[in-house]
file protein11.txt (compact mmCIF, C-alpha atoms)
# COMPACT_ATOMS: atom_id res chain seq x y z
CA MET A 1 -7.20 16.29 9.76
CA THR A 2 -4.39 13.75 9.65
CA THR A 3 -1.41 14.17 7.37
CA THR A 4 -0.85 10.42 6.94
CA ALA A 5 -3.50 8.73 4.83
CA LEU A 6 -4.79 5.25 5.65
CA SER A 7 -5.27 3.00 2.63
CA VAL A 8 -6.96 -0.33 3.36
CA ASN A 9 -5.62 -3.37 1.51
CA LEU A 10 -8.51 -5.73 0.74
CA ASN A 11 -6.49 -8.76 -0.39
CA LYS A 12 -7.41 -10.82 2.69
CA VAL A 13 -11.13 -10.17 2.21
CA ALA A 14 -10.78 -11.59 -1.30
CA THR A 15 -8.82 -14.56 0.04
CA VAL A 16 -11.72 -15.53 2.31
CA ARG A 17 -14.25 -14.94 -0.48
CA ASN A 18 -12.31 -17.19 -2.85
CA THR A 19 -12.55 -20.23 -0.54
CA ARG A 20 -16.17 -20.69 -1.63
CA HIS A 21 -18.30 -19.81 -4.65
CA LEU A 22 -20.88 -17.71 -2.82
CA GLY A 23 -19.46 -14.24 -3.49
CA ILE A 24 -19.12 -13.44 0.21
CA PRO A 25 -17.63 -11.53 1.85
CA SER A 26 -18.18 -8.75 -0.67
CA LEU A 27 -15.17 -6.59 -1.52
CA THR A 28 -17.30 -3.63 -2.52
CA ARG A 29 -19.21 -3.87 0.76
CA ALA A 30 -15.95 -4.06 2.71
CA ALA A 31 -14.58 -1.06 0.81
CA THR A 32 -17.77 0.91 1.41
CA LEU A 33 -17.70 0.24 5.15
CA CYS A 34 -14.03 1.23 5.36
CA LEU A 35 -14.59 4.43 3.41
CA GLN A 36 -17.66 5.31 5.47
CA ALA A 37 -15.57 4.88 8.62
CA GLY A 38 -12.99 7.37 7.31
CA ALA A 39 -10.35 5.37 5.41
CA HIS A 40 -8.59 7.58 2.90
CA GLY A 41 -8.20 4.96 0.21
CA ILE A 42 -8.36 1.36 -0.98
CA THR A 43 -5.42 -0.82 -2.03
CA VAL A 44 -5.48 -4.06 -4.01
CA HIS A 45 -2.74 -6.32 -5.35
CA PRO A 46 -4.10 -8.28 -8.33
CA ARG A 47 -1.61 -11.12 -8.81
CA PRO A 48 -1.50 -13.06 -12.11
CA ASP A 49 -2.91 -16.21 -10.47
CA GLU A 50 -5.86 -14.27 -8.96
CA ARG A 51 -5.30 -16.04 -5.64
CA HIS A 52 -7.17 -13.18 -3.99
CA ILE A 53 -7.98 -10.07 -6.04
CA ARG A 54 -9.58 -10.83 -9.41
CA GLY A 55 -9.71 -8.62 -12.48
CA THR A 56 -13.42 -8.09 -11.93
CA ASP A 57 -12.71 -6.89 -8.37
CA VAL A 58 -10.34 -4.22 -9.66
CA THR A 59 -13.00 -2.84 -11.99
CA GLU A 60 -15.85 -3.05 -9.47
CA LEU A 61 -13.82 -1.21 -6.84
CA ALA A 62 -12.82 1.48 -9.33
CA THR A 63 -16.47 1.92 -10.21
CA LEU A 64 -17.33 2.21 -6.51
CA LEU A 65 -14.62 4.82 -5.95
CA GLN A 66 -16.21 7.09 -8.55
CA ALA A 67 -18.69 7.94 -5.78
CA TRP A 68 -15.80 8.84 -3.43
CA PRO A 69 -13.82 11.45 -5.40
CA ASP A 70 -11.84 12.54 -2.33
CA ARG A 71 -10.45 9.02 -1.73
CA GLU A 72 -7.66 7.22 -3.55
CA TYR A 73 -7.32 3.91 -5.34
CA ASN A 74 -3.88 2.29 -5.15
CA ILE A 75 -3.12 -0.76 -7.25
CA GLU A 76 -0.01 -2.78 -6.40
CA GLY A 77 1.82 -5.36 -8.42
CA ASN A 78 4.75 -6.29 -10.56
CA PRO A 79 4.73 -4.12 -13.71
CA PHE A 80 6.45 -6.92 -15.63
CA HIS A 81 3.55 -9.27 -14.95
CA ASN A 82 -0.10 -8.15 -15.19
CA LEU A 83 -0.12 -4.75 -13.48
CA MET A 84 0.21 -2.55 -16.57
CA ASP A 85 -2.61 -4.36 -18.35
CA VAL A 86 -4.84 -4.01 -15.28
CA VAL A 87 -4.18 -0.28 -14.98
CA GLY A 88 -4.44 0.29 -18.72
CA ARG A 89 -7.93 -1.21 -18.78
CA LEU A 90 -9.11 1.13 -16.03
CA VAL A 91 -7.63 4.13 -17.81
CA ALA A 92 -9.31 3.09 -21.08
CA GLN A 93 -12.65 2.91 -19.25
CA LYS A 94 -12.01 6.32 -17.61
CA LEU A 95 -12.23 4.70 -14.19
CA PRO A 96 -10.22 6.12 -11.29
CA VAL A 97 -6.76 4.87 -10.41
CA HIS A 98 -4.66 7.39 -8.50
CA GLN A 99 -1.50 5.47 -7.68
CA VAL A 100 0.29 2.35 -8.77
CA THR A 101 2.84 0.73 -6.50
CA PHE A 102 5.44 -1.27 -8.41
CA VAL A 103 6.43 -4.37 -6.38
CA PRO A 104 9.22 -6.74 -7.54
CA ASP A 105 7.59 -10.02 -6.50
CA ALA A 106 7.70 -13.32 -8.34
CA GLU A 107 4.47 -14.74 -9.78
CA GLY A 108 4.12 -17.47 -7.18
CA GLN A 109 5.57 -15.53 -4.26
CA PHE A 110 3.73 -15.97 -0.96
CA THR A 111 3.95 -12.26 -0.10
CA SER A 112 6.11 -9.29 -1.05
CA ASP A 113 9.42 -9.47 0.77
CA HIS A 114 11.93 -7.09 -0.83
CA GLY A 115 12.22 -3.86 -2.77
CA TRP A 116 13.64 -2.83 -6.13
CA ASN A 117 17.38 -2.92 -6.74
CA PHE A 118 19.26 -0.01 -8.26
CA PRO A 119 20.93 0.41 -10.64
CA ALA A 120 19.99 -3.08 -11.84
CA ASP A 121 16.26 -2.38 -12.28
CA ALA A 122 16.48 1.24 -13.41
CA GLU A 123 16.30 0.96 -17.19
CA ARG A 124 13.53 -1.64 -17.09
CA LEU A 125 11.41 0.52 -14.83
CA ARG A 126 11.87 3.87 -16.55
CA PRO A 127 9.56 3.36 -19.59
CA LEU A 128 6.83 1.80 -17.42
CA ILE A 129 6.92 4.76 -15.04
CA GLU A 130 6.70 7.07 -18.04
CA GLN A 131 3.66 5.15 -19.30
CA CYS A 132 1.90 5.54 -15.96
CA HIS A 133 2.65 9.24 -15.95
CA ALA A 134 1.19 9.50 -19.45
CA TRP A 135 -1.97 7.95 -18.00
CA GLY A 136 -1.97 10.55 -15.23
CA VAL A 137 -1.18 8.00 -12.51
CA ARG A 138 1.26 8.53 -9.62
CA VAL A 139 4.00 5.89 -9.27
CA SER A 140 5.36 4.54 -6.00
CA LEU A 141 8.24 2.05 -5.87
CA PHE A 142 8.33 -0.63 -3.16
CA MET A 143 11.74 -0.18 -1.55
CA ASP A 144 13.87 -1.55 1.24
CA ALA A 145 14.87 1.04 3.84
CA GLU A 146 18.21 1.82 2.23
CA PRO A 147 18.93 5.58 2.17
CA ALA A 148 21.50 5.24 -0.62
CA LEU A 149 18.85 3.97 -3.07
CA MET A 150 16.44 6.88 -2.79
CA ALA A 151 18.21 9.21 -5.23
CA ALA A 152 18.17 6.42 -7.82
CA ALA A 153 14.42 5.91 -7.32
CA LYS A 154 13.90 9.61 -7.93
CA ALA A 155 16.17 9.60 -10.98
CA VAL A 156 14.18 6.81 -12.62
CA GLY A 157 11.02 8.92 -12.38
CA ALA A 158 9.19 7.66 -9.30
CA ASP A 159 6.90 10.05 -7.45
CA ARG A 160 6.98 8.15 -4.16
CA ILE A 161 8.55 5.14 -2.52
CA GLU A 162 6.79 2.66 -0.25
CA LEU A 163 9.06 1.53 2.56
CA TYR A 164 8.87 -2.24 3.09
CA THR A 165 8.22 -2.29 6.82
CA GLU A 166 8.34 -6.00 7.68
CA PRO A 167 11.84 -5.71 9.24
CA TYR A 168 10.49 -3.01 11.56
CA ALA A 169 7.44 -5.09 12.49
CA ALA A 170 9.61 -8.16 13.10
CA ALA A 171 11.78 -6.13 15.50
CA TRP A 172 8.79 -4.94 17.53
CA GLY A 173 9.27 -5.81 21.19
CA THR A 174 12.92 -6.79 20.70
CA PRO A 175 16.21 -5.01 21.49
CA GLY A 176 16.65 -4.44 17.75
CA LEU A 177 13.72 -2.04 17.51
CA PRO A 178 15.63 1.26 18.01
CA ALA A 179 18.08 0.36 15.25
CA GLN A 180 15.23 -0.44 12.86
CA LEU A 181 13.46 2.82 13.65
CA THR A 182 16.67 4.72 13.00
CA ARG A 183 17.17 2.87 9.72
CA PHE A 184 13.67 3.66 8.51
CA ALA A 185 13.87 7.27 9.64
CA HIS A 186 17.10 7.76 7.68
CA ALA A 187 15.62 6.12 4.59
CA ALA A 188 12.49 8.28 4.73
CA GLN A 189 14.54 11.43 5.19
CA ALA A 190 16.76 10.49 2.26
CA ALA A 191 13.63 10.08 0.11
CA LEU A 192 12.22 13.42 1.24
CA ASP A 193 15.57 15.12 0.59
CA VAL A 194 15.47 14.18 -3.09
CA GLY A 195 11.81 15.16 -3.51
CA LEU A 196 10.10 11.78 -3.19
CA GLY A 197 6.89 11.21 -1.27
CA VAL A 198 7.03 8.46 1.36
CA ASN A 199 4.53 5.64 1.80
CA ALA A 200 4.92 2.62 4.06
CA GLY A 201 3.44 -0.81 4.39
CA HIS A 202 3.80 -4.48 5.34
CA ASP A 203 2.89 -5.89 8.75
CA LEU A 204 1.98 -2.53 10.23
CA SER A 205 -0.65 -2.89 12.95
CA ARG A 206 -2.42 -1.07 15.75
CA ASP A 207 0.43 -2.13 18.03
CA ASN A 208 3.32 -0.70 16.03
CA LEU A 209 1.85 2.02 13.81
CA THR A 210 1.99 4.99 16.18
CA ALA A 211 5.63 4.43 17.12
CA PHE A 212 6.62 4.09 13.47
CA LEU A 213 4.92 7.30 12.38
CA ASN A 214 6.25 9.16 15.40
CA GLN A 215 9.84 8.38 14.45
CA VAL A 216 9.79 8.15 10.66
CA PRO A 217 9.37 11.57 9.03
CA GLY A 218 6.98 12.62 6.31
CA VAL A 219 4.94 9.45 5.75
CA SER A 220 2.14 10.40 3.36
CA GLU A 221 0.33 7.05 3.33
CA VAL A 222 0.28 3.70 5.07
CA SER A 223 -1.20 0.70 3.29
CA ILE A 224 -2.42 -1.90 5.77
CA GLY A 225 -4.16 -5.17 5.06
CA HIS A 226 -3.50 -8.35 7.02
CA ALA A 227 -3.57 -6.92 10.56
CA LEU A 228 -6.41 -4.54 9.78
CA ILE A 229 -8.66 -7.22 8.32
CA ALA A 230 -7.83 -9.53 11.24
CA ASP A 231 -8.86 -6.74 13.61
CA ALA A 232 -12.05 -6.19 11.64
CA LEU A 233 -13.05 -9.82 12.16
CA GLU A 234 -13.17 -9.11 15.89
CA LEU A 235 -14.11 -5.42 16.06
CA GLY A 236 -15.97 -4.74 12.82
CA TYR A 237 -14.82 -2.43 10.04
CA ASP A 238 -16.06 0.81 11.58
CA ALA A 239 -14.34 0.40 14.95
CA THR A 240 -11.19 -0.94 13.33
CA ILE A 241 -10.77 1.92 10.87
CA LYS A 242 -11.42 4.47 13.58
CA ASP A 243 -8.80 2.88 15.81
CA TYR A 244 -6.18 2.94 13.05
CA LEU A 245 -7.02 6.59 12.47
CA ARG A 246 -6.60 7.11 16.21
CA CYS A 247 -3.13 5.54 16.00
CA ILE A 248 -2.22 7.96 13.20
CA ALA A 249 -3.61 10.94 15.09
CA GLN A 250 -1.76 9.89 18.23
CA SER A 251 1.55 9.86 16.37
CA GLU A 252 0.92 13.41 15.20
CA LYS A 253 0.13 14.53 18.73
CA LEU A 254 3.40 13.01 19.91
CA GLN A 255 5.30 14.83 17.18
CA MET A 256 3.75 18.13 18.18
CA VAL A 257 4.68 17.56 21.82
CA GLY A 258 8.18 16.48 20.87

call {"tool": "encode", "arguments": {"input": "protein11.txt", "output": "structure tokens"}}
result
Amino acid sequence: MTTTALSVNLNKVATVRNTRHLGIPSLTRAATLCLQAGAHGITVHPRPDERHIRGTDVTELATLLQAWPDREYNIEGNPFHNLMDVVGRLVAQKLPVHQVTFVPDAEGQFTSDHGWNFPADAERLRPLIEQCHAWGVRVSLFMDAEPALMAAAKAVGADRIELYTEPYAAAWGTPGLPAQLTRFAHAAQAALDVGLGVNAGHDLSRDNLTAFLNQVPGVSEVSIGHALIADALELGYDATIKDYLRCIAQSEKLQMVG
């Protein structure tokens, strides 16, 4: 049993589907294959322009996850755009949503590229976090790896933070890698010290995942999309999921040896 959960982000599957009007590839089929292979959860990021995930996808995946009560559904997005409405509709329909990840991206942004800023964002976020808690939904805040910000994230009511890992991935194979690993390890420890759970995501892959988890303490969940779906195009969903789970298990073996 691994202690770090693997949540599969299906945005890229939806991106391919949206290039035609044939309904393929199917998101529910992709989710089913990932869950059957052992993935611990499904992540989607329904942007206002529906460039990939559509509102109907969110509902259909929530309906699917009713048959997988031991797996989690994580919905990402900017709570000042469409995220709260999306989550509220699922809650009203009594459909599962276990975690929301608040991401401070602009409506037309190509991809998420920075975390929340404290204290600037604190008072805007607080009532939205309280609303999610009233719905019974865990809240994770997308954060840069800055140890000094973790206490503020806890104070505003977050349950977890998701470390934005693109700087780590960009440093892979370069002399800057040790410094990035140290930075992320310190940020994760700072979050754990104030009682926050730690998630991580953005450009994690089979190449860099084991090293990250070996050095960064207490990561409860990794959310992986682009690299994982690219791997699945070559290997298939089953083999891909199992190899990511192998990467996670390998990191835990290394920690035990160390």

call {"tool": "closest_residue", "arguments": {"input": "protein11.txt", "among": "A:Val100, A:Met143, A:Ala211, A:Leu33", "to": "Gln180 of chain A", "atoms": "all atoms listed in the file"}}
result
A:Ala211

call {"tool": "axis_aligned_box", "arguments": {"input": "protein11.txt", "around": "segment 229-246 of chain A", "padding_each_side": "6 Å", "output": "AutoDock Vina command-line options"}}
result
--center_x -11.1 --center_y -1.4 --center_z 12.3 --size_x 21.9 --size_y 28.9 --size_z 19.9

call {"tool": "residues_around", "arguments": {"input": "protein11.txt", "residues": "segment 235-244 of chain A", "least_positions_apart": "2", "cutoff": "12 Å", "atoms": "all atoms listed in the file", "output": "PDB file with C-alpha atoms, in the coordinates of the input"}}
result
ATOM      1  CA  THR A   2      -4.390  13.750   9.650  1.00  0.00           C
ATOM      2  CA  THR A   4      -0.850  10.420   6.940  1.00  0.00           C
ATOM      3  CA  ALA A   5      -3.500   8.730   4.830  1.00  0.00           C
ATOM      4  CA  LEU A   6      -4.790   5.250   5.650  1.00  0.00           C
ATOM      5  CA  SER A   7      -5.270   3.000   2.630  1.00  0.00           C
ATOM      6  CA  VAL A   8      -6.960  -0.330   3.360  1.00  0.00           C
ATOM      7  CA  ASN A   9      -5.620  -3.370   1.510  1.00  0.00           C
ATOM      8  CA  LEU A  10      -8.510  -5.730   0.740  1.00  0.00           C
ATOM      9  CA  VAL A  13     -11.130 -10.170   2.210  1.00  0.00           C
ATOM     10  CA  ARG A  29     -19.210  -3.870   0.760  1.00  0.00           C
ATOM     11  CA  ALA A  30     -15.950  -4.060   2.710  1.00  0.00           C
ATOM     12  CA  ALA A  31     -14.580  -1.060   0.810  1.00  0.00           C
ATOM     13  CA  THR A  32     -17.770   0.910   1.410  1.00  0.00           C
ATOM     14  CA  LEU A  33     -17.700   0.240   5.150  1.00  0.00           C
ATOM     15  CA  CYS A  34     -14.030   1.230   5.360  1.00  0.00           C
ATOM     16  CA  LEU A  35     -14.590   4.430   3.410  1.00  0.00           C
ATOM     17  CA  GLN A  36     -17.660   5.310   5.470  1.00  0.00           C
ATOM     18  CA  ALA A  37     -15.570   4.880   8.620  1.00  0.00           C
ATOM     19  CA  GLY A  38     -12.990   7.370   7.310  1.00  0.00           C
ATOM     20  CA  ALA A  39     -10.350   5.370   5.410  1.00  0.00           C
ATOM     21  CA  HIS A  40      -8.590   7.580   2.900  1.00  0.00           C
ATOM     22  CA  GLY A  41      -8.200   4.960   0.210  1.00  0.00           C
ATOM     23  CA  LEU A 204       1.980  -2.530  10.230  1.00  0.00           C
ATOM     24  CA  SER A 205      -0.650  -2.890  12.950  1.00  0.00           C
ATOM     25  CA  ARG A 206      -2.420  -1.070  15.750  1.00  0.00           C
ATOM     26  CA  ASP A 207       0.430  -2.130  18.030  1.00  0.00           C
ATOM     27  CA  ASN A 208       3.320  -0.700  16.030  1.00  0.00           C
ATOM     28  CA  LEU A 209       1.850   2.020  13.810  1.00  0.00           C
ATOM     29  CA  THR A 210       1.990   4.990  16.180  1.00  0.00           C
ATOM     30  CA  LEU A 213       4.920   7.300  12.380  1.00  0.00           C
ATOM     31  CA  VAL A 222       0.280   3.700   5.070  1.00  0.00           C
ATOM     32  CA  SER A 223      -1.200   0.700   3.290  1.00  0.00           C
ATOM     33  CA  ILE A 224      -2.420  -1.900   5.770  1.00  0.00           C
ATOM     34  CA  GLY A 225      -4.160  -5.170   5.060  1.00  0.00           C
ATOM     35  CA  ALA A 227      -3.570  -6.920  10.560  1.00  0.00           C
ATOM     36  CA  LEU A 228      -6.410  -4.540   9.780  1.00  0.00           C
ATOM     37  CA  ILE A 229      -8.660  -7.220   8.320  1.00  0.00           C
ATOM     38  CA  ALA A 230      -7.830  -9.530  11.240  1.00  0.00           C
ATOM     39  CA  ASP A 231      -8.860  -6.740  13.610  1.00  0.00           C
ATOM     40  CA  ALA A 232     -12.050  -6.190  11.640  1.00  0.00           C
ATOM     41  CA  LEU A 233     -13.050  -9.820  12.160  1.00  0.00           C
ATOM     42  CA  ARG A 246      -6.600   7.110  16.210  1.00  0.00           C
ATOM     43  CA  CYS A 247      -3.130   5.540  16.000  1.00  0.00           C
ATOM     44  CA  ILE A 248      -2.220   7.960  13.200  1.00  0.00           C
ATOM     45  CA  ALA A 249      -3.610  10.940  15.090  1.00  0.00           C
ATOM     46  CA  GLN A 250      -1.760   9.890  18.230  1.00  0.00           C
ATOM     47  CA  SER A 251       1.550   9.860  16.370  1.00  0.00           C
TER      48      SER A 251
END

call {"tool": "atom_distance", "arguments": {"input": "protein11.txt", "atom1": "atom CA of Tyr73 of chain A", "atom2": "atom CA of Pro104 of chain A"}}
result
19.8 Å

call {"tool": "atom_distance", "arguments": {"input": "protein11.txt", "atom1": "atom CA of Phe102 of chain A", "atom2": "atom CA of Gly218 of chain A"}}
result
20.3 Å
